[in-house]
Amino acid sequence: MSMHGRPFATRMPQPVRRPARLVSLVPLVLILAPAAAAAAPLQDALRAYGVQAEHIGRLWNFTLGLCALVFALVLAAFVCALWSARRGDAHTEPDISSLARPERGIYRIIAWAVGISTVGLLALLGADVVTSRALARMPLQDAVNIELIGHQWWWEARYKDADPARQFTTANELHIPVGRPVVVTLRSNDVIHTLWLPNLHGKRDMIPGRTSTLTFRADQPGTYRGQCAEFCGLEHAMMALLVVAEPDAQYQAWAARQRQPAPEPATSRTRRGREVFLGKSCAMCHAIGGTTANAVFGPDLTHLAGRGTIASGMLPNNRGHLGGWISDPQTLKPGVSMPANLMPQEDLHALLDYLETLK
Amino acid sequence: MSLRCPDTVLACFICLGAGLLQAGCEREQRPTRAPPAASGTGDPSFTAQGVLPADNRYEENAYAVSQGKVWFRTYNCNGCHGQGGGDSGPALMDGAWRYGADPASVYASIAHGRPNGMPAFGQRLPEDQIWQLAAYVRSMSGQLRIDVAPSRSDTLQASEPEGRREKAKTTVDTSGRAGQ
Amino acid sequence: MSVADSTTQPRPARGPGSVAPSAPPAPSLAPHEAETLEQTWRDPPGIIGWFAAVNHKTISLRFMVTTFLFFIAGGLLALAIRLQLARPDGKLAGPDLYNQLFTMHGSTMMFLFAVPVMQAVATYLVPLMIGARSVAFPRMNAFAYWIFTLGGLMLFIAFFMGIGPDAGWFAYVPLSGPQYSPGKRVDFWAQMITFTELSAIMEAIVLITTIFKMRAPGMTLNRMPLFVWTMLAASFMVLFAMPAVMLGSTALITDRLVGTHFYNPGEGGDALLWQHLFWFFGHPEVYLIFIPPLGFMSSIIATFSRRPIVGYSAMVLALIGTAFFAFGLWVHHMFATNLPELGKTFFTAASLMIAIPTALQIFCWIATLWSGRISFKTPLLFVLAFFVILLAGGLTGLMLASVSLDTQLHDSFFVVAHLHYVLMGGAVFPLFGAFYYWFPKFTGRLLSERLGKWQFWLFFIGFNVAFFPMHVLGLQGMPRRIYTYPEEMGWGSLNMVATAGAFMIGASVLLFIVNVARSRRHGAPAGPNPWGAGTLEWSVASPPPAGNFEMVPIVYGRYPLWEKPRLPSHVAGLINEHREVLITSVADAELDHRLWLPASSYWPFLSALAVTALFVGSIFTPWAVVWAAVPVAIGTTMWFWPKRSTSDMRVASEQHPELFK
C-alpha cells in the first residue's frame, strides 16, 4: 500500500506565470548551491508565490537597490579619500589651521551629503508606508479562516466556518485554495512561536495571552514550507509546517474528507491496530475522529495518512519513518513530549496498517 | 604594570563555586531519553522483580518534576483531584495519605489504581511518565526541595506554587481502605 | 597653590612629536618630590595589596584583561556553534547543549565583553586625556570591577556545571519563565544581569563625575577630546537604559522564585511586557557598544591624518543626537508581534532617522582623511575597516528598520549577519585599533606592525567570509537559533563557508594574543608619544607614572600637544604626600577646589564578595537577602570608615601647610 509521496521532491505543476523574483544580494553566492536550491523545499523569501510576499519583494528590490547605491557612493568617496590624500607619518607636522578658521567648503559638502542621505531615508520610509498599506488592504472576500495554535513543537490548525458542523481540526499541514485569501488567527498554547511562510508572507508572532492575525493569499499552486521562527525551546529547529496550495475544487475535496470521521477498519489486522491505538498510551494524547480517542494534547490523527510529513514537517510520511517515530520519537526530536512506545512487532505492524487507512 | 593574576585566587573561586553548586548537576539534567525499560507500559519493572525501587530518581530533577506537572494536567488528574485541593478524589496538597506517601506507594497508586475510584494507568502510561507524575504529586505537599519543585504556572493561580509550600507532615490513614 | 611657568625646574622635552620643537621645556617636579608622588599613588605590594589596589590604571588593566578573557570564551562558544551548523543534521551538539551554547555566546559577548571593555578602556584613558590624576571614585571603580568579575565567573561556573542558561541572550518569557524553564538555569542568567548592570551603572557614575568635575583647568567642554564626549554620552545612556533591564530581570526572578505574575497572562500579566522592558534597555545597549568606538575612531583618525577631526561641534551634536534617539527605537525588535501597525511605523521612522547623525560622523571622518596626510599604521587599518563593515551593517539595518521588510528578515540569519556586521564592524574592529594605538601607552612597548597587519587582513577577510553568506541564508529561509537543519534545504554549503570564516577569525585573534605576548617582552620601546598624537595622554611617560601628571597641565585648545604652548602651562601646589586632585567647574573647567581621594582599600573587594553572596544566595532562597545584608552592611560601613592616619594628615595639612608642598 503506497503512502503519500515524498514531499520534498513534489513536482509542482507548471506555474501560470513566473514567480516574482527578488533580486538576491549577490547572485555569485547562489552559484555555490544551485542544484541543491532547485530541489530544495520552497522556503525562501526570494521567490514570492503570493501577493503579500510580492509586495514585500518589491520593497526589498527597492531597498536593496537604494542601499547598494549608497554603499557604492560612500565607499567610492572613502577609497578616493585614501587614494588621493597625501601621506605622512608620526613626525609630520600636524595641520591645525582648522582650529583657527572653520572649513566652510568642507562643511558645505558634508551638509549636502547629509541632506541627500535624509532624502534617501525619507524615500525608504515612504516605500515602507506604501507597502504596509498594500499589505493591510488585501481583499478578504470569501476568505478561508484558519485558527493556528502553536504548541511545543507542532502546529494545531482549526478550520473555522460559520456552520459549526463544517469545522475541523488538523495538524502540521494546511491546505489552502489558490487565489482565495486566507485569514490565519494565531494563538499559542505555551510559549511564543512564530509562523513564517517566506514564499507567501512575512512572519507573525504567536504570543500566549494574545491573538494576532495574518492574511495572505497563494497565487500559485505548490507546497510551501514554513518554520517556527521564534526560539521556543529544545526542538525549535524541528517545528516545520507545510502549506499545500491547490485549485479550489481540490481544496474543497480535501476539506470534505477532513470533515469525515476516520473510516471503520475493514480487516482484522486493522481492527487489531485500532485496538492497539485505543488500548495503549496513544489515546491518552491523540484524537481520531469517530473513535473514543478524543485527547487534545497531541496532534489530531484522524487523517494522518493524507499528510506528506510527520513529526511536524520533519520526516516523510511513510511506513518506515512512521514506525520509527512511534517506537522512539526521541531519536529524532529529543525532548519532544511523545514518549517511546515499545510494543511487540505484530502490534506495531497492525497499528501501522490501521494508521495507513486514515486518509 | 602589575597584571599579576594569582592563579590561586582563580582556583579558590572555582572551588568555591563548585562546592556551592554541587547539587546543580543532578537537578539540571534534561532527561530527554528515558531508560529503555521505563519506556514501555505495563509496568515491566514491577512484574519482573516484584519490588519497586524505594527512591524516585526524578525527585532530584527539576525538569522531570515539571514534566510531571504537565502530565497531571494533560491526563486530567485535576478532573478528580483539582489543583491539589481534591474534589471527588482526595486532596493531594495535604499530608494525609491513604495508601502511603513514599515514592513507591505513590507510583503504585497511579500505576495499579486504588479502591474507591483511582483508575489504573499502568497500561496506558509509560513507566517513566508515572515516575515523573509521582515526583510531582509529592511536590504538591511540599515534600521536594524548593529548587527542584515547580514554581508558578502560566495560568490562573489556584494556590501557592509547589516550591513555596511548607513541607506537610505525612500521615498514612488506612481507615478508609476497603477489604484490607 | 600657584601656576607654574617654564622657569621652574625645567627638564628636557621627552619623545618625538610630543611638543613643538620651538617650545620651552615643560616644568616638572624635583626628583624627590616626583618620587613621593609616585609612592603616594602606587599600589601597595603583596597579595593584600593586590586586592586593595584602587589606582584607576591598575583596575582598568585588570578590567581589560578580564573582558578580553570573556571575549575569547565567547569566541570559543561561537566556534562550537559554527562546528555544529557547518553540516546539515549535525550531531556534535544536541539541542540542550546547543541552546546553552548560543545563549552563553550572546550573553557573554553582550553583557560580559562589549560594554565592560569600553568602560575599562575609558577608565584608563579618560583621566589621562583630561589631565586628571585619577577617576572621581576610585574605590567604587574597583568595586565595579570586582562585581563584574564575580558575576561573570558565576555565570561560567554555572555553565560548566551544566546549569548554563538556555533561553537565549534575551530570554523571552514565557519560555524563560517558571513553567517552561524549570530549574536554576535562567535564574543564574537573570542574576548575572543584576551583577553586570550594577557594575555598568557604577562605572557610568564614575565616568560622568570624572568628566564633569576633574578636567584640567582650561579644558572647557568645547575643548574636550571627542573620545571623552563619547564616554560622557555613553555613560548617560547607561544610567537610563540599565535600570530597565534590571527591573525586567528582577521581575523575572520574582516570577520564577516567588510566584509573582508580571509575565503571566493567566493572571493579568503580559508576555510582551518583558519584551518592552528588555528592548528599552536592549536597543540603547547596542548603541552603548557602538558609541565609545566612535571615540576611538576620532582619536585614531585625527592622529594618523595629522589633522584635527573635521566639524568638532557637528560631531558632538551627532553623538548626543544618536544617544538620545537610541531610546526611541526599541519596538523595531518587536515588529512581528501584534502591536498596532501605525505605532510600529513610527519606530520605522525613528530607526531610519538615527542613521542621519551616524552618516554625518562618517562624512566628517572621510573629509578628515581626504584633507589629511595619512599614515597607514595598524591602528588606522582597523579603523578603516569600520567604513566598509559598519557601512554594510548599517545599511542592512535600514532594511530591517522597515516593518514590512522586517517581517521577512526578523529572526532569520539575516539578522545574525546584520548584528555581527554592526557590532564587529562598529565596535570590535575599532576596539582592536584602539588596542594597537594605546598599547604603547599602557605598556611602554609597541605591538609588532607586521603581525598586526597579518591579524588585520585575516580578521577582515575571515569576518566577511563568515558573515556575508548569512545574509543569503536568511533570505533563503533559515531561521535563527536552530541547532540543525535538514539536508534538503540546501543551506549546507553556505554554512560550511561561514564556519571556515569563523575559524579565520579565531586564527586572527590568536595572532593578536601572540603579538601581545611577544611585544610585552620584546616589543620596540615606545616613548611617550610614538604616534605624534595631539591629546594629553601622550604627554606623559609610557607607561604613565602612578600619579599620571607630575603637574596638572593647563589646556588652551583641543589638541594641546599640537598647538603652540602658552603660559601659564601647569598648575603647581597639589601635595604629593596624599592623593590630592584638582576639582574644576563643569562647563569651563575653572579652578574650584582641591580634594583628597582615598588611598588603597580592600573593602571594595570584601564588599563585592558580600554582595555576590547576597545575589547568588537569593537565587536559592529569599532569606539570603536578609542574612547577606549583614556582611554587606559591614563591608560598606568599613569602606567609608575614616582612617586615623588620614585624618591626622588632613589636620596637619591645614594647620602647617608649609610642611606640604
# chains A, B, ... in the order shown; residues from 1 in each chain; ligands from 1
>>> select_by_dssp(residues="range 274-306 of chain A", states="helix (DSSP H, G or I)", output="JSON, numbers by chain")
{"A": [274, 275, 276, 277, 278, 279, 282, 283, 284, 285, 304, 305, 306]}
>>> write_last_selection(atoms="N, CA and C atoms", output="PDB file, in the first residue's frame")
ATOM      1  N   ARG A 274      -6.396  -0.725  15.568  1.00  0.00           N
ATOM      2  CA  ARG A 274      -7.164   0.267  16.310  1.00  0.00           C
ATOM      3  C   ARG A 274      -7.220  -0.084  17.790  1.00  0.00           C
ATOM      4  N   GLU A 275      -7.298  -1.363  18.082  1.00  0.00           N
ATOM      5  CA  GLU A 275      -7.275  -1.765  19.499  1.00  0.00           C
ATOM      6  C   GLU A 275      -5.979  -1.328  20.163  1.00  0.00           C
ATOM      7  N   VAL A 276      -4.879  -1.548  19.440  1.00  0.00           N
ATOM      8  CA  VAL A 276      -3.589  -1.128  19.995  1.00  0.00           C
ATOM      9  C   VAL A 276      -3.614   0.372  20.270  1.00  0.00           C
ATOM     10  N   PHE A 277      -4.119   1.121  19.296  1.00  0.00           N
ATOM     11  CA  PHE A 277      -4.144   2.573  19.459  1.00  0.00           C
ATOM     12  C   PHE A 277      -4.956   2.969  20.682  1.00  0.00           C
ATOM     13  N   LEU A 278      -6.158   2.377  20.805  1.00  0.00           N
ATOM     14  CA  LEU A 278      -7.040   2.806  21.877  1.00  0.00           C
ATOM     15  C   LEU A 278      -6.604   2.234  23.221  1.00  0.00           C
ATOM     16  N   GLY A 279      -5.934   1.071  23.193  1.00  0.00           N
ATOM     17  CA  GLY A 279      -5.613   0.411  24.452  1.00  0.00           C
ATOM     18  C   GLY A 279      -4.309   0.861  25.074  1.00  0.00           C
ATOM     19  N   CYS A 282      -1.434   5.717  23.201  1.00  0.00           N
ATOM     20  CA  CYS A 282      -1.695   6.658  22.110  1.00  0.00           C
ATOM     21  C   CYS A 282      -2.918   7.520  22.389  1.00  0.00           C
ATOM     22  N   ALA A 283      -3.993   6.853  22.857  1.00  0.00           N
ATOM     23  CA  ALA A 283      -5.248   7.586  23.032  1.00  0.00           C
ATOM     24  C   ALA A 283      -5.183   8.561  24.196  1.00  0.00           C
ATOM     25  N   MET A 284      -4.122   8.486  25.007  1.00  0.00           N
ATOM     26  CA  MET A 284      -4.006   9.432  26.120  1.00  0.00           C
ATOM     27  C   MET A 284      -3.691  10.831  25.615  1.00  0.00           C
ATOM     28  N   CYS A 285      -3.139  10.937  24.400  1.00  0.00           N
ATOM     29  CA  CYS A 285      -2.731  12.253  23.895  1.00  0.00           C
ATOM     30  C   CYS A 285      -3.333  12.619  22.551  1.00  0.00           C
ATOM     31  N   LEU A 304      -4.276  11.247   9.280  1.00  0.00           N
ATOM     32  CA  LEU A 304      -2.811  11.221   9.279  1.00  0.00           C
ATOM     33  C   LEU A 304      -2.265  10.762   7.937  1.00  0.00           C
ATOM     34  N   ALA A 305      -2.901   9.759   7.336  1.00  0.00           N
ATOM     35  CA  ALA A 305      -2.313   9.182   6.134  1.00  0.00           C
ATOM     36  C   ALA A 305      -2.345  10.140   4.951  1.00  0.00           C
ATOM     37  N   GLY A 306      -3.154  11.192   5.039  1.00  0.00           N
ATOM     38  CA  GLY A 306      -3.211  12.147   3.937  1.00  0.00           C
ATOM     39  C   GLY A 306      -2.125  13.198   3.983  1.00  0.00           C
TER      40      GLY A 306
END
>>> residues_around(residues="Val65 in chain B", least_positions_apart="2", cutoff="7 Å", atoms="only C-alpha atoms", output="list in words")
Tyr58, Glu59, Asn61, Ala62, Tyr63, Gln67, Gly68, Lys69, Gln132, Ala135, Tyr136, Ala149 and Pro150 of chain B
>>> write_last_selection(atoms="N, CA and C atoms", output="PDB file, in the first residue's frame")
ATOM      1  N   TYR B  58      13.780  10.880  39.915  1.00  0.00           N
ATOM      2  CA  TYR B  58      13.321  12.151  39.380  1.00  0.00           C
ATOM      3  C   TYR B  58      13.069  13.184  40.455  1.00  0.00           C
ATOM      4  N   GLU B  59      13.097  12.792  41.704  1.00  0.00           N
ATOM      5  CA  GLU B  59      12.858  13.787  42.743  1.00  0.00           C
ATOM      6  C   GLU B  59      14.034  14.731  42.900  1.00  0.00           C
ATOM      7  N   ASN B  61      15.336  16.040  40.079  1.00  0.00           N
ATOM      8  CA  ASN B  61      15.477  16.629  38.754  1.00  0.00           C
ATOM      9  C   ASN B  61      14.320  17.576  38.472  1.00  0.00           C
ATOM     10  N   ALA B  62      14.639  18.849  38.322  1.00  0.00           N
ATOM     11  CA  ALA B  62      13.592  19.865  38.167  1.00  0.00           C
ATOM     12  C   ALA B  62      12.820  19.678  36.870  1.00  0.00           C
ATOM     13  N   TYR B  63      13.527  19.323  35.798  1.00  0.00           N
ATOM     14  CA  TYR B  63      12.851  19.144  34.517  1.00  0.00           C
ATOM     15  C   TYR B  63      11.829  18.026  34.602  1.00  0.00           C
ATOM     16  N   GLN B  67       7.821  18.144  34.095  1.00  0.00           N
ATOM     17  CA  GLN B  67       7.105  17.274  33.158  1.00  0.00           C
ATOM     18  C   GLN B  67       5.959  16.582  33.873  1.00  0.00           C
ATOM     19  N   GLY B  68       6.196  16.160  35.109  1.00  0.00           N
ATOM     20  CA  GLY B  68       5.115  15.551  35.885  1.00  0.00           C
ATOM     21  C   GLY B  68       3.917  16.473  35.994  1.00  0.00           C
ATOM     22  N   LYS B  69       4.208  17.757  36.162  1.00  0.00           N
ATOM     23  CA  LYS B  69       3.107  18.728  36.243  1.00  0.00           C
ATOM     24  C   LYS B  69       2.358  18.789  34.912  1.00  0.00           C
ATOM     25  N   GLN B 132       7.547  10.422  36.816  1.00  0.00           N
ATOM     26  CA  GLN B 132       7.548  11.882  36.836  1.00  0.00           C
ATOM     27  C   GLN B 132       6.290  12.406  37.536  1.00  0.00           C
ATOM     28  N   ALA B 135       6.671  12.044  41.272  1.00  0.00           N
ATOM     29  CA  ALA B 135       7.508  13.095  41.845  1.00  0.00           C
ATOM     30  C   ALA B 135       6.715  14.391  41.967  1.00  0.00           C
ATOM     31  N   TYR B 136       5.939  14.698  40.936  1.00  0.00           N
ATOM     32  CA  TYR B 136       5.163  15.942  41.004  1.00  0.00           C
ATOM     33  C   TYR B 136       4.127  15.864  42.125  1.00  0.00           C
ATOM     34  N   ALA B 149      11.237  21.599  43.071  1.00  0.00           N
ATOM     35  CA  ALA B 149       9.784  21.654  42.885  1.00  0.00           C
ATOM     36  C   ALA B 149       9.446  22.751  41.894  1.00  0.00           C
ATOM     37  N   PRO B 150       8.306  22.596  41.209  1.00  0.00           N
ATOM     38  CA  PRO B 150       7.959  23.615  40.222  1.00  0.00           C
ATOM     39  C   PRO B 150       7.598  24.932  40.882  1.00  0.00           C
TER      40      PRO B 150
END
>>> residues_around(residues="Leu315 in chain A", least_positions_apart="6", cutoff="10 Å", atoms="only C-alpha atoms", output="CSV table (one decimal) with N, CA and C atoms, in the first residue's frame")
chain,number,residue,atom,x,y,z
A,6,ARG,N,7.0,11.4,-1.2
A,6,ARG,CA,8.0,12.3,-0.5
A,6,ARG,C,7.7,13.7,-0.9
A,7,PRO,N,7.5,14.5,0.1
A,7,PRO,CA,7.0,15.9,-0.2
A,7,PRO,C,8.2,16.7,-0.7
A,238,MET,N,12.9,21.9,14.9
A,238,MET,CA,12.2,20.8,14.3
A,238,MET,C,10.7,21.1,14.2
A,308,GLY,N,1.8,14.8,4.1
A,308,GLY,CA,3.0,14.5,3.4
A,308,GLY,C,4.2,14.2,4.4
A,309,THR,N,4.0,14.7,5.6
A,309,THR,CA,5.1,14.6,6.5
A,309,THR,C,4.6,14.2,7.9
A,321,HIS,N,9.4,5.4,8.3
A,321,HIS,CA,9.6,6.5,9.2
A,321,HIS,C,8.5,6.6,10.3
A,322,LEU,N,7.3,6.3,10.0
A,322,LEU,CA,6.2,6.3,11.0
A,322,LEU,C,6.5,5.3,12.0
A,325,TRP,N,9.2,6.5,14.2
A,325,TRP,CA,8.8,7.6,15.1
A,325,TRP,C,7.9,7.1,16.2
A,332,LEU,N,14.7,11.3,16.9
A,332,LEU,CA,14.7,12.4,16.0
A,332,LEU,C,14.6,13.7,16.7
C,486,PRO,N,17.7,20.3,7.9
C,486,PRO,CA,17.8,19.1,7.1
C,486,PRO,C,18.6,19.4,5.8
>>> interface_residues(of="chain C", to="chain B", cutoff="8 Å", atoms="only C-alpha atoms", output="number ranges by chain")
C: 58, 61-62, 96, 154, 157-158, 161-163, 174, 178-179, 182-185, 255-259, 264-267, 442-443, 543, 620
>>> atom_distance(atom1="CA of Arg644 in chain C", atom2="CA of Gln39 in chain C")
19.4 Å
>>> atom_distance(atom1="CA of Val632 in chain C", atom2="CA of Ala610 in chain C")
5.1 Å
>>> closest_residue(among="A:Pro339, A:Glu264, A:Asp347, A:Glu356", to="chain B", atoms="only C-alpha atoms")
A:Pro339
>>> closest_residue(among="B:Val106, B:Leu144, B:Ile130, B:Ala101", to="chain A", atoms="only C-alpha atoms")
B:Ile130
